[in-house]
file target06.txt (compact mmCIF, C-alpha atoms)
# COMPACT_ATOMS: atom_id res chain seq x y z
CA MET A 232 112.18 123.66 95.12
CA PHE A 233 111.40 123.73 98.84
CA ASN A 234 109.54 120.79 100.39
CA PRO A 235 106.93 121.33 103.14
CA GLY A 236 107.82 119.73 106.44
CA ILE A 237 111.59 120.17 106.00
CA ALA A 238 113.39 122.63 108.25
CA TYR A 239 115.28 125.33 106.34
CA TRP A 240 117.78 127.81 107.74
CA THR A 241 119.31 130.67 105.87
CA HIS A 242 122.52 132.47 106.66
CA GLN A 243 124.45 135.21 104.97
CA GLY A 244 127.64 133.62 103.70
CA PHE A 245 130.73 135.05 102.09
CA PHE A 246 129.93 138.01 99.79
CA ASN A 247 126.45 138.23 101.41
CA ALA A 248 125.21 135.25 99.41
CA PRO A 249 122.47 133.36 101.28
CA ILE A 250 123.22 129.79 102.32
CA VAL A 251 120.32 127.36 102.77
CA VAL A 252 120.71 124.38 105.09
CA ILE A 253 118.14 121.59 104.77
CA VAL A 254 117.62 119.16 107.65
CA VAL A 255 116.25 115.74 106.73
CA HIS A 256 116.41 112.92 109.28
CA HIS A 257 117.22 109.28 108.53
CA PRO A 258 115.30 106.70 110.59
CA GLU A 259 116.95 103.43 111.63
CA VAL A 260 116.32 100.77 108.96
CA LEU A 261 116.67 97.04 109.70
CA TRP A 262 116.98 94.61 106.79
CA ALA A 263 117.02 90.86 106.14
CA GLN A 264 116.60 88.72 103.04
CA ARG A 265 115.33 85.41 101.78
CA SER A 266 115.96 84.03 98.32
CA ASP A 267 112.77 85.66 97.01
CA LYS A 268 112.31 88.78 99.16
CA VAL A 269 113.89 91.49 101.30
CA TYR A 270 112.42 92.72 104.58
CA LEU A 271 112.95 96.39 105.50
CA THR A 272 111.76 97.61 108.90
CA VAL A 273 111.83 101.39 109.36
CA ALA A 274 111.88 102.34 113.06
CA LEU A 275 109.71 105.44 113.14
CA PRO A 276 107.06 105.68 115.88
CA ASP A 277 103.79 107.44 115.05
CA ALA A 278 104.77 108.06 111.42
CA LYS A 279 102.46 110.15 109.27
CA ASP A 280 102.24 110.65 105.50
CA VAL A 281 104.23 107.48 104.80
CA SER A 282 105.28 107.19 101.16
CA VAL A 283 107.15 104.22 99.70
CA LYS A 284 108.12 103.94 96.05
CA CYS A 285 109.66 100.82 94.49
CA GLU A 286 111.10 100.89 90.98
CA PRO A 287 111.89 97.76 88.91
CA HIS A 288 115.63 98.47 88.61
CA GLY A 289 115.90 98.30 92.42
CA LEU A 290 115.39 101.86 93.62
CA PHE A 291 113.55 102.00 96.97
CA THR A 292 112.47 105.45 98.19
CA PHE A 293 110.91 106.17 101.59
CA SER A 294 109.58 109.37 103.14
CA ALA A 295 107.39 110.15 106.14
CA SER A 296 106.74 112.73 108.83
CA GLY A 297 107.53 112.04 112.47
CA ALA A 298 105.24 112.68 115.44
CA GLN A 299 106.59 116.24 115.82
CA GLY A 300 106.42 117.00 112.07
CA GLU A 301 110.08 116.20 111.32
CA SER A 302 110.83 114.96 107.81
CA TYR A 303 112.38 111.52 107.40
CA SER A 304 113.53 110.13 104.09
CA PHE A 305 116.05 107.87 102.41
CA THR A 306 116.67 106.21 99.07
CA LEU A 307 118.29 102.80 98.66
CA GLU A 308 119.70 101.50 95.40
CA LEU A 309 119.13 97.80 96.03
CA TYR A 310 121.53 95.12 94.81
CA GLY A 311 119.20 93.71 92.19
CA PRO A 312 115.92 94.32 90.36
CA ILE A 313 112.62 94.04 92.22
CA ALA A 314 108.96 93.42 91.38
CA PRO A 315 107.22 96.69 92.47
CA GLU A 316 103.72 95.30 91.95
CA ARG A 317 104.41 92.63 94.61
CA CYS A 318 105.97 94.96 97.22
CA ARG A 319 103.87 95.72 100.31
CA THR A 320 104.07 98.20 103.18
CA LYS A 321 102.41 98.21 106.60
CA ALA A 322 102.63 101.24 108.89
CA GLY A 323 102.37 100.28 112.56
CA LEU A 324 102.52 102.28 115.78
CA ARG A 325 106.29 101.93 116.19
CA ASN A 326 107.63 101.15 112.73
CA ILE A 327 106.89 100.60 109.06
CA LEU A 328 107.32 97.10 107.64
CA CYS A 329 108.24 96.84 103.96
CA TYR A 330 108.21 93.56 102.07
CA VAL A 331 110.21 93.93 98.84
CA GLN A 332 109.82 91.12 96.30
CA LYS A 333 112.94 90.30 94.27
CA ALA A 334 112.40 90.13 90.50
CA GLU A 335 114.44 86.92 90.35
CA LYS A 336 114.84 84.33 93.06
CA GLY A 337 118.38 84.22 94.43
CA TRP A 338 120.59 85.47 97.24
CA TRP A 339 122.11 88.93 96.99
CA LYS A 340 125.72 89.45 98.14
CA ARG A 341 124.58 92.54 100.03
CA LEU A 342 121.55 94.79 100.28
CA LEU A 343 122.88 97.69 98.24
CA LYS A 344 124.33 97.83 94.74
CA SER A 345 127.25 99.96 95.96
CA GLU A 346 130.21 98.18 97.54
CA GLU A 347 130.80 101.14 99.86
CA LYS A 348 130.08 100.85 103.57
CA PRO A 349 126.32 101.34 104.09
CA ALA A 350 124.98 104.37 105.94
CA PRO A 351 125.01 104.07 109.76
CA TYR A 352 121.21 104.06 109.95
CA LEU A 353 121.10 100.79 107.94
CA LYS A 354 121.46 97.66 110.13
CA VAL A 355 120.87 93.92 109.92
CA ASP A 356 117.57 92.61 111.31
CA TRP A 357 118.89 89.60 113.22
CA HIS A 358 115.35 88.47 114.11
CA ARG A 359 114.48 87.89 110.45
CA TRP A 360 118.00 87.02 109.27
CA CYS A 361 118.46 83.68 107.52
CA ASP A 362 121.64 82.37 105.90
CA GLU A 363 121.42 80.99 102.39
CA ASP A 364 122.21 77.41 103.45
CA ASP A 365 119.71 77.61 106.34
CA GLU A 366 116.74 78.75 104.25
CA GLU A 367 115.47 75.23 103.53
CA SER A 368 115.76 74.11 107.16
CA THR A 369 113.94 77.23 108.33
CA SER A 370 111.28 77.29 105.62
CA ASP A 371 108.62 77.08 108.34
CA LEU A 372 110.04 80.22 109.95
CA ALA A 373 110.03 82.01 106.59
CA SER A 374 106.37 81.20 106.07
CA ASP A 375 105.66 82.37 109.64
CA ASP A 376 107.24 85.72 108.75
CA ASP A 377 104.90 86.04 105.78
CA THR A 378 101.90 85.02 107.89
CA ARG A 379 102.72 87.59 110.56
CA PHE A 380 103.14 90.26 107.90
CA VAL A 381 99.82 89.45 106.25
CA ALA A 382 98.09 89.06 109.61
CA GLN A 383 99.09 92.60 110.55
CA ASP A 384 97.58 93.87 107.30
CA GLU A 385 94.30 92.16 108.14
CA GLY A 386 94.18 93.60 111.63
CA SER A 387 96.10 92.91 114.77
CA SER A 388 95.97 94.06 118.34
CA ASP A 389 97.04 97.65 118.95
CA GLU A 390 99.50 96.34 121.53
CA ASP A 391 101.57 94.29 119.04
CA GLU A 392 101.06 96.30 115.85
CA GLY A 393 104.34 97.45 114.36
CA MET A 394 106.44 96.28 117.28
CA LEU A 395 110.06 95.38 116.66
CA TYR A 396 110.83 91.86 117.83
CA LEU A 397 112.34 91.77 121.31
CA PRO A 398 113.14 88.16 122.27
CA ASP A 399 113.33 88.70 126.05
CA LEU A 400 109.95 90.41 126.13
CA GLU A 401 108.39 87.67 124.03
CA LYS A 402 109.56 85.02 126.57
CA ALA A 403 108.27 87.11 129.47
CA ARG A 404 104.78 87.26 127.97
CA GLY A 405 104.58 83.49 128.36
call {"tool": "encode", "arguments": {"input": "target06.txt", "output": "C-alpha cells"}}
result
Amino acid sequence: MFNPGIAYWTHQGFFNAPIVVIVVHHPEVLWAQRSDKVYLTVALPDAKDVSVKCEPHGLFTFSASGAQGESYSFTLELYGPIAPERCRTKAGLRNILCYVQKAEKGWWKRLLKSEEKPAPYLKVDWHRWCDEDDEESTSDLASDDDTRFVAQDEGSSDEDEGMLYLPDLEKARG
C-alpha cells in the first residue's frame, strides 16, 4: 500500500482518525509530435530508478527518483494508440527523452485523450514542434531529431547528454 521513496505524513483528524498525506512531485514534461511519433522530454536532473511503461491503448506511465530521493511520477492517457515495442527512453544528466511511436501514422488533435486543460507541468516543446503542413518541408529536421536521439543512445559527450535545447547557447558555441 505504501511506496518506498514517497513522503508520508500522518495527522489525527476528526474523531481521532489518522489522515495520510502522500507527496508525489510532477516534473516538467515537454512534448511535440510528428505524424508517426511523439517526443516527451521529462526535465529531471540526475534522475535515478527511471521507469517508463507504454501500453498499446495509449497509456504512458513514468516514475523516477530525484537527486535528493524525492518521488516523481505521472501518467498520461495519450490521444491515440501507440506501439510499445517501438518506444524508446534515454536518461541523460538533465532530462529523460522518450520517443513514443504511434500505432497508426497521423496527426493527433492534442496530446491527451481528455479534452480538459492539461496539467500545468505539461508544456509544448517548441524546439521539436512541427505543424502538420510543415512536416514534409522539414523532413530533414525530423530525421535529424531521430539521429540525435539515436546518437545519444550510442554515446555522446557528458557535456551535451540530456540537455534541453537552448537556441541562444547553441549559437554562442559557434
call {"tool": "atom_distance", "arguments": {"input": "target06.txt", "atom1": "atom CA of Val355 of chain A", "atom2": "atom CA of Ala298 of chain A"}}
result
25.0 Å
call {"tool": "axis_aligned_box", "arguments": {"input": "target06.txt", "around": "segment 324-329 of chain A", "padding_each_side": "4 Å", "output": "AutoDock Vina command-line options"}}
result
--center_x 105.4 --center_y 99.6 --center_z 110.1 --size_x 13.7 --size_y 13.4 --size_z 20.2
call {"tool": "closest_residue", "arguments": {"input": "target06.txt", "among": "A:Lys333, A:Lys354, A:Lys284, A:Lys344", "to": "Val269 of chain A", "atoms": "all atoms listed in the file"}}
result
A:Lys333
call {"tool": "closest_residue", "arguments": {"input": "target06.txt", "among": "A:Ser296, A:Asn326, A:Gln332, A:Gln264", "to": "Pro312 of chain A", "atoms": "all atoms listed in the file"}}
result
A:Gln332
call {"tool": "closest_residue", "arguments": {"input": "target06.txt", "among": "A:Ala263, A:Leu307, A:Ala295, A:Cys329", "to": "Lys279 of chain A", "atoms": "all atoms listed in the file"}}
result
A:Ala295
call {"tool": "closest_residue", "arguments": {"input": "target06.txt", "among": "A:Lys348, A:His358, A:Arg317, A:Arg325", "to": "Lys268 of chain A", "atoms": "all atoms listed in the file"}}
result
A:Arg317
call {"tool": "residues_around", "arguments": {"input": "target06.txt", "residues": "segment 258-260 of chain A", "least_positions_apart": "6", "cutoff": "6 Å", "atoms": "all atoms listed in the file", "output": "JSON, numbers by chain"}}
result
{"A": [272, 273, 274, 352, 353]}
call {"tool": "write_last_selection", "arguments": {"input": "target06.txt", "atoms": "C-alpha atoms", "output": "mmCIF file, keeping the file's coordinate frame"}}
result
data_model
loop_
_atom_site.group_PDB
_atom_site.id
_atom_site.type_symbol
_atom_site.label_atom_id
_atom_site.label_comp_id
_atom_site.auth_asym_id
_atom_site.auth_seq_id
_atom_site.Cartn_x
_atom_site.Cartn_y
_atom_site.Cartn_z
ATOM 1 C CA THR A 272 111.760 97.610 108.900
ATOM 2 C CA VAL A 273 111.830 101.390 109.360
ATOM 3 C CA ALA A 274 111.880 102.340 113.060
ATOM 4 C CA TYR A 352 121.210 104.060 109.950
ATOM 5 C CA LEU A 353 121.100 100.790 107.940
#
call {"tool": "atom_distance", "arguments": {"input": "target06.txt", "atom1": "atom CA of Glu366 of chain A", "atom2": "atom CA of Glu316 of chain A"}}
result
24.4 Å
call {"tool": "atom_distance", "arguments": {"input": "target06.txt", "atom1": "atom CA of Leu328 of chain A", "atom2": "atom CA of Asp364 of chain A"}}
result
25.0 Å
call {"tool": "closest_residue", "arguments": {"input": "target06.txt", "among": "A:Arg265, A:Leu309, A:Ala350, A:Cys318", "to": "Lys336 of chain A", "atoms": "only C-alpha atoms"}}
result
A:Arg265
call {"tool": "closest_residue", "arguments": {"input": "target06.txt", "among": "A:Ile313, A:Leu342, A:Ile327, A:Ala322", "to": "His288 of chain A", "atoms": "all atoms listed in the file"}}
result
A:Ile313
